[in-house]
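File shown: structure.cif. Contents: mmCIF, C-alpha atoms.
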data_work
#
loop_
_atom_site.label_atom_id
_atom_site.label_comp_id
_atom_site.auth_asym_id
_atom_site.auth_seq_id
_atom_site.Cartn_x
_atom_site.Cartn_y
_atom_site.Cartn_z
CA MET A 665 43.29 89.97 81.76
CA ASN A 666 43.78 88.47 85.16
CA THR A 667 45.44 85.36 83.75
CA LEU A 668 47.63 87.49 81.58
CA ILE A 669 48.97 89.34 84.57
CA ARG A 670 49.47 86.14 86.49
CA LYS A 671 51.31 84.58 83.57
CA SER A 672 53.63 87.49 83.14
CA PHE A 673 54.34 87.61 86.83
CA ARG A 674 54.95 83.95 87.32
CA PRO A 675 58.47 83.77 85.90
CA PHE A 676 59.43 86.72 88.01
CA LEU A 677 57.96 85.17 91.15
CA ASN A 678 59.59 81.83 90.44
CA SER A 679 63.01 83.30 90.00
CA THR A 680 62.65 85.36 93.17
CA ILE A 681 61.72 82.29 95.19
CA ARG A 682 64.56 80.29 93.70
CA ALA A 683 67.03 83.08 94.37
CA SER A 684 66.03 83.35 98.01
CA CYS A 685 66.21 79.59 98.50
CA ARG A 686 69.73 79.61 97.17
CA THR A 687 70.70 82.37 99.52
CA PHE A 688 69.37 80.30 102.41
CA ALA A 689 71.49 77.33 101.39
CA ASP A 690 74.56 79.55 101.17
CA VAL A 691 73.91 81.04 104.59
CA ASN A 692 73.56 77.57 106.04
CA ILE A 693 76.86 76.27 104.71
CA ASN A 694 78.58 79.50 105.71
CA GLU A 695 77.28 79.20 109.26
CA LYS A 696 78.22 75.54 109.34
CA ILE A 697 81.80 76.28 108.25
CA ASP A 698 82.00 79.20 110.65
CA LYS A 699 81.07 76.91 113.52
CA ILE A 700 83.51 74.18 112.44
CA VAL A 701 86.50 76.53 112.25
CA LYS A 702 85.64 78.36 115.46
CA ASP A 703 84.94 75.26 117.54
CA ASN A 704 88.27 73.61 116.70
CA LYS A 705 91.80 74.94 117.05
CA VAL A 706 93.06 73.40 113.82
CA VAL A 707 90.85 72.38 110.91
CA VAL A 708 91.87 70.96 107.53
CA PHE A 709 89.48 70.86 104.59
CA MET A 710 90.91 68.31 102.20
CA LYS A 711 90.24 65.77 99.48
CA GLY A 712 89.88 62.37 101.09
CA VAL A 713 90.70 61.57 104.71
CA PRO A 714 94.05 61.77 106.57
CA ASP A 715 94.59 58.00 106.28
CA ALA A 716 93.76 58.07 102.57
CA PRO A 717 94.21 61.49 100.98
CA ARG A 718 92.92 61.66 97.42
CA CYS A 719 95.13 64.48 96.17
CA GLY A 720 98.87 65.14 96.42
CA PHE A 721 98.39 68.61 97.88
CA SER A 722 96.04 67.34 100.58
CA ASN A 723 98.52 64.56 101.32
CA ALA A 724 101.34 67.10 101.76
CA VAL A 725 99.32 69.01 104.35
CA VAL A 726 98.51 65.78 106.21
CA GLN A 727 102.22 64.90 106.29
CA ILE A 728 103.14 68.32 107.67
CA MET A 729 100.49 67.98 110.40
CA ARG A 730 101.81 64.54 111.21
CA MET A 731 105.39 65.76 111.48
CA HIS A 732 104.37 68.40 114.00
CA ALA A 733 101.93 65.95 115.68
CA VAL A 734 99.15 68.52 115.46
CA PRO A 735 95.74 67.39 116.66
CA TYR A 736 93.25 68.53 114.02
CA VAL A 737 89.79 68.00 112.65
CA SER A 738 89.55 67.13 108.97
CA HIS A 739 86.67 67.44 106.54
CA ASP A 740 86.48 65.65 103.21
CA VAL A 741 85.17 68.03 100.53
CA LEU A 742 84.79 65.17 98.03
CA SER A 743 82.00 63.68 100.10
CA ASP A 744 80.08 66.96 100.30
CA GLU A 745 79.70 69.09 97.16
CA ASN A 746 78.01 71.87 99.14
CA LEU A 747 81.04 72.08 101.42
CA ARG A 748 83.44 71.92 98.46
CA GLN A 749 81.95 75.08 96.95
CA GLY A 750 81.06 76.67 100.27
CA ILE A 751 84.57 76.54 101.69
CA LYS A 752 86.01 78.31 98.64
CA GLU A 753 83.56 81.16 99.09
CA TYR A 754 83.95 81.27 102.85
CA SER A 755 87.71 81.79 102.71
CA ASN A 756 87.80 83.44 99.28
CA TRP A 757 90.44 80.90 98.27
CA PRO A 758 90.14 78.94 95.02
CA THR A 759 91.74 75.62 95.92
CA ILE A 760 91.66 72.68 98.34
CA PRO A 761 93.29 71.87 100.83
CA GLN A 762 92.61 74.72 103.23
CA VAL A 763 93.95 75.05 106.76
CA PHE A 764 92.36 77.06 109.56
CA ILE A 765 94.01 77.83 112.89
CA ASN A 766 91.95 79.42 115.66
CA GLY A 767 89.12 80.22 113.26
CA GLU A 768 91.39 81.98 110.78
CA PHE A 769 92.27 80.88 107.30
CA VAL A 770 96.03 80.25 107.19
CA GLY A 771 96.56 78.98 103.67
CA GLY A 772 96.69 76.04 101.32
CA CYS A 773 99.46 73.58 100.59
CA ASP A 774 102.09 76.10 99.36
CA ILE A 775 101.71 78.33 102.37
CA MET A 776 101.74 75.44 104.85
CA LEU A 777 104.88 74.05 103.23
CA GLN A 778 106.66 77.40 103.35
CA MET A 779 105.53 78.04 106.93
CA HIS A 780 106.83 74.61 107.86
CA GLN A 781 110.21 75.33 106.24
CA SER A 782 110.58 78.80 107.73
CA GLY A 783 109.62 77.71 111.24
CA GLU A 784 106.63 80.02 111.22
CA LEU A 785 104.25 77.10 111.67
CA VAL A 786 105.83 76.18 115.01
CA GLU A 787 105.21 79.77 116.15
CA GLU A 788 101.62 79.85 114.93
CA LEU A 789 100.87 76.60 116.72
CA LYS A 790 102.48 77.91 119.89
CA LYS A 791 100.10 80.89 119.83
CA VAL A 792 97.13 78.55 120.15
CA GLY A 793 98.78 76.38 122.80
CA ILE A 794 99.97 73.53 120.60
CA GLN A 795 103.57 72.44 121.01
CA SER A 796 104.96 71.11 117.75
CA ALA A 797 106.52 67.66 117.99
CA LEU A 798 109.55 69.05 116.15
CA LEU A 799 110.08 71.52 118.96
CA THR A 800 109.68 68.80 121.58
CA ALA A 801 112.29 66.68 119.80
CA GLU A 802 114.68 69.63 119.68
CA GLN A 803 114.30 70.34 123.39
CA PHE A 804 114.83 66.68 124.17
CA LYS A 805 118.12 66.70 122.25
CA LYS A 806 119.32 69.83 124.06
CA GLU A 807 118.56 68.32 127.44
CA GLU A 808 120.41 65.15 126.53
CA LYS A 809 123.51 67.19 125.62
CA LYS A 810 123.47 68.85 129.06
CA MET B 923 90.00 77.82 76.85
CA VAL B 924 93.26 76.06 77.51
CA TYR B 925 95.83 78.30 79.14
CA THR B 926 99.48 78.19 78.21
CA GLU B 927 102.66 78.91 80.13
CA ALA B 928 103.26 81.97 77.97
CA TYR B 929 99.79 83.38 78.53
CA ILE B 930 99.98 83.07 82.32
CA LYS B 931 103.53 84.35 82.42
CA GLU B 932 102.62 87.45 80.45
CA LYS B 933 99.55 88.18 82.51
CA LEU B 934 101.36 87.84 85.84
CA ALA B 935 104.30 89.93 84.66
CA LYS B 936 102.04 92.70 83.45
CA GLU B 937 99.56 92.87 86.33
CA LEU B 938 102.12 92.46 89.09
CA ASP B 939 104.97 94.52 87.60
CA ALA B 940 107.04 91.40 88.05
CA VAL B 941 110.74 91.54 87.22
CA HIS B 942 110.92 87.77 86.87
CA VAL B 943 108.25 85.15 86.25
CA GLU B 944 108.70 81.44 85.70
CA VAL B 945 105.65 79.41 84.79
CA THR B 946 105.68 75.66 84.33
CA ASP B 947 102.83 73.64 82.93
CA GLU B 948 102.80 70.44 84.97
CA SER B 949 99.66 69.07 83.39
CA ASP B 950 101.22 67.39 80.35
CA GLY B 951 99.47 69.94 78.19
CA CYS B 952 95.85 69.91 79.34
CA GLY B 953 96.44 73.24 81.07
CA ALA B 954 94.99 72.35 84.45
CA LYS B 955 98.13 72.28 86.57
CA PHE B 956 100.75 74.99 86.79
CA SER B 957 103.50 76.13 89.07
CA ALA B 958 104.90 79.65 89.14
CA VAL B 959 107.73 81.65 90.64
CA ILE B 960 106.92 85.36 90.72
CA VAL B 961 109.37 88.09 91.69
CA SER B 962 107.84 91.48 92.29
CA ASP B 963 108.26 94.39 94.65
CA LYS B 964 104.48 94.50 94.94
CA PHE B 965 104.98 91.76 97.52
CA GLN B 966 107.10 94.02 99.70
CA GLY B 967 105.78 94.19 103.25
CA LYS B 968 103.02 91.69 102.55
CA PRO B 969 102.74 88.41 104.45
CA LEU B 970 102.65 85.18 102.46
CA LEU B 971 98.87 84.85 102.51
CA ALA B 972 98.39 88.39 101.18
CA ARG B 973 100.94 87.74 98.41
CA HIS B 974 99.18 84.58 97.32
CA ARG B 975 95.81 86.29 97.48
CA LEU B 976 97.15 89.04 95.22
CA VAL B 977 98.32 86.47 92.65
CA ASN B 978 95.03 84.58 92.90
CA SER B 979 93.12 87.79 92.25
CA VAL B 980 95.08 88.40 89.04
CA LEU B 981 94.25 84.87 87.88
CA GLN B 982 90.69 84.85 89.20
CA GLU B 983 89.12 83.80 85.90
CA GLU B 984 91.88 81.35 84.99
CA LEU B 985 91.78 79.58 88.34
CA LYS B 986 88.23 78.50 87.66
CA THR B 987 89.64 76.02 85.14
CA ILE B 988 93.19 75.63 86.40
CA HIS B 989 92.83 72.85 88.90
CA ALA B 990 96.14 73.15 90.70
CA PHE B 991 98.33 76.21 90.97
CA THR B 992 101.52 76.19 93.00
CA GLN B 993 103.18 79.51 93.64
CA LYS B 994 106.32 81.02 95.09
CA THR B 995 106.14 84.75 95.68
CA LEU B 996 109.37 86.65 96.26
CA THR B 997 110.40 90.26 96.52
CA VAL B 998 113.39 91.33 94.41
CA GLU B 999 115.58 91.27 97.51
CA GLN B 1000 114.48 87.75 98.49
CA TRP B 1001 115.11 86.57 94.95
CA LYS B 1002 118.66 87.93 94.93
CA GLN B 1003 119.41 86.15 98.19
CA GLN B 1004 118.44 82.81 96.72
#

How would this structure read if it were set down as structure tokens?
Amino acid sequence: MNTLIRKSFRPFLNSTIRASCRTFADVNINEKIDKIVKDNKVVVFMKGVPDAPRCGFSNAVVQIMRMHAVPYVSHDVLSDENLRQGIKEYSNWPTIPQVFINGEFVGGCDIMLQMHQSGELVEELKKVGIQSALLTAEQFKKEEKK
Amino acid sequence: MVYTEAYIKEKLAKELDAVHVEVTDESDGCGAKFSAVIVSDKFQGKPLLARHRLVNSVLQEELKTIHAFTQKTLTVEQWKQQ
């Protein structure tokens, strides 16, 4: 009788333990991401590294950052499967790359590209105390004309 | 399930009351890479991120297998200006 009860309970117990372990892992990656995006003004989660992006969309974001000379921290999701899944859940966004400014999710490649074209990106960077290199170049030209 | 241009176009048009939808399969047929232009007044007053989130929510299931999805989201007025 005793063994019978134990047997019938075991699957239940096992699945409970497994479920709680998983939750712990999720909490950890969430906290880790939270810290990363809050400790740095600009963070890019991408495939590959800035010097060698491994996806066209990630490369586009790197090029935009370069054009504006934005100092940023990058994280390669291809070298960390936990991060690759975790970041999608954290921001509720299905694709990589992902850009965060001042702890807030800004967008992926499409949004960065459109913000770059509309001039919105220069404004967003200004809000966090980063002067875009494009703005600096413009001011330089104006001063030269004077 | 392999998604087609027509399937995605119809779904977006229906769920977003879109007046104009262009969907292009850029995957050479494997159905993993699409780009879309969506014109809908549901985007009115919404910033870009909110617009894209709205589109993503419509394609929540599909985006699990679609690897890359590029989108342009315009209101009717913005579309006419183009």

Grab the CA of Thr987 (chain B) to CA of Pro758 (chain A) distance for me, in Å with one decimal place.
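That distance, rounded to one decimal, is 10.3 Å.
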
For the provided coordinates, the residues matched by the PyMOL selection byres ((chain B) within 8 of (chain A)) should be stated as a VMD selection string.
chain B and resid 970 to 971 975 978 985 to 986 989 to 990 992 to 994

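One distance worth recording is that between CA of Ala724 (chain A) and CA of Val977 (chain B), which is 21.6 Å.
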
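Across the chains present, the PyMOL selection byres ((chain A and resi 698-706) around 7) applied to this file returns Asn694, Glu695, Lys696, Ile697, Val707, Val708, Tyr736, Val737, Phe764, Ile765, Asn766 and Gly767 of chain A.
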
Any chance you could work out the residue set of the PyMOL selection byres ((chain B and resi 958-965) around 6) here, as a PyMOL selection string?
chain B and resi 940-945+957+966+968+973+993-998

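For the pair CA of Gln803 (chain A) and CA of Met776 (chain A), the interatomic distance is 23.0 Å.
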
Produce region 968-980 of chain B of the given structure as output with N, CA and C atoms, as an mmCIF file, in the first residue's frame.
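And here's selection22.cif as it stands now:
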data_model
loop_
_atom_site.group_PDB
_atom_site.id
_atom_site.type_symbol
_atom_site.label_atom_id
_atom_site.label_comp_id
_atom_site.auth_asym_id
_atom_site.auth_seq_id
_atom_site.Cartn_x
_atom_site.Cartn_y
_atom_site.Cartn_z
ATOM 1 N N LYS B 968 -0.161 55.619 -32.492
ATOM 2 C CA LYS B 968 0.725 54.671 -31.814
ATOM 3 C C LYS B 968 2.170 54.889 -32.257
ATOM 4 N N PRO B 969 3.096 54.919 -31.305
ATOM 5 C CA PRO B 969 4.507 54.999 -31.709
ATOM 6 C C PRO B 969 4.937 53.722 -32.425
ATOM 7 N N LEU B 970 6.077 53.827 -33.097
ATOM 8 C CA LEU B 970 6.571 52.722 -33.934
ATOM 9 C C LEU B 970 6.620 51.389 -33.196
ATOM 10 N N LEU B 971 7.155 51.411 -31.982
ATOM 11 C CA LEU B 971 7.303 50.163 -31.227
ATOM 12 C C LEU B 971 5.940 49.517 -30.973
ATOM 13 N N ALA B 972 4.959 50.337 -30.626
ATOM 14 C CA ALA B 972 3.616 49.806 -30.353
ATOM 15 C C ALA B 972 3.000 49.226 -31.627
ATOM 16 N N ARG B 973 3.252 49.873 -32.761
ATOM 17 C CA ARG B 973 2.739 49.375 -34.045
ATOM 18 C C ARG B 973 3.334 48.007 -34.358
ATOM 19 N N HIS B 974 4.643 47.914 -34.197
ATOM 20 C CA HIS B 974 5.305 46.645 -34.500
ATOM 21 C C HIS B 974 4.875 45.547 -33.530
ATOM 22 N N ARG B 975 4.663 45.941 -32.286
ATOM 23 C CA ARG B 975 4.208 44.954 -31.299
ATOM 24 C C ARG B 975 2.817 44.434 -31.671
ATOM 25 N N LEU B 976 1.976 45.336 -32.171
ATOM 26 C CA LEU B 976 0.628 44.945 -32.583
ATOM 27 C C LEU B 976 0.699 43.915 -33.723
ATOM 28 N N VAL B 977 1.542 44.198 -34.702
ATOM 29 C CA VAL B 977 1.708 43.267 -35.831
ATOM 30 C C VAL B 977 2.275 41.928 -35.335
ATOM 31 N N ASN B 978 3.283 42.009 -34.472
ATOM 32 C CA ASN B 978 3.877 40.776 -33.935
ATOM 33 C C ASN B 978 2.836 39.931 -33.201
ATOM 34 N N SER B 979 1.920 40.621 -32.501
ATOM 35 C CA SER B 979 0.928 39.864 -31.732
ATOM 36 C C SER B 979 -0.040 39.125 -32.651
ATOM 37 N N VAL B 980 -0.333 39.729 -33.816
ATOM 38 C CA VAL B 980 -1.199 39.052 -34.787
ATOM 39 C C VAL B 980 -0.503 37.801 -35.335
#
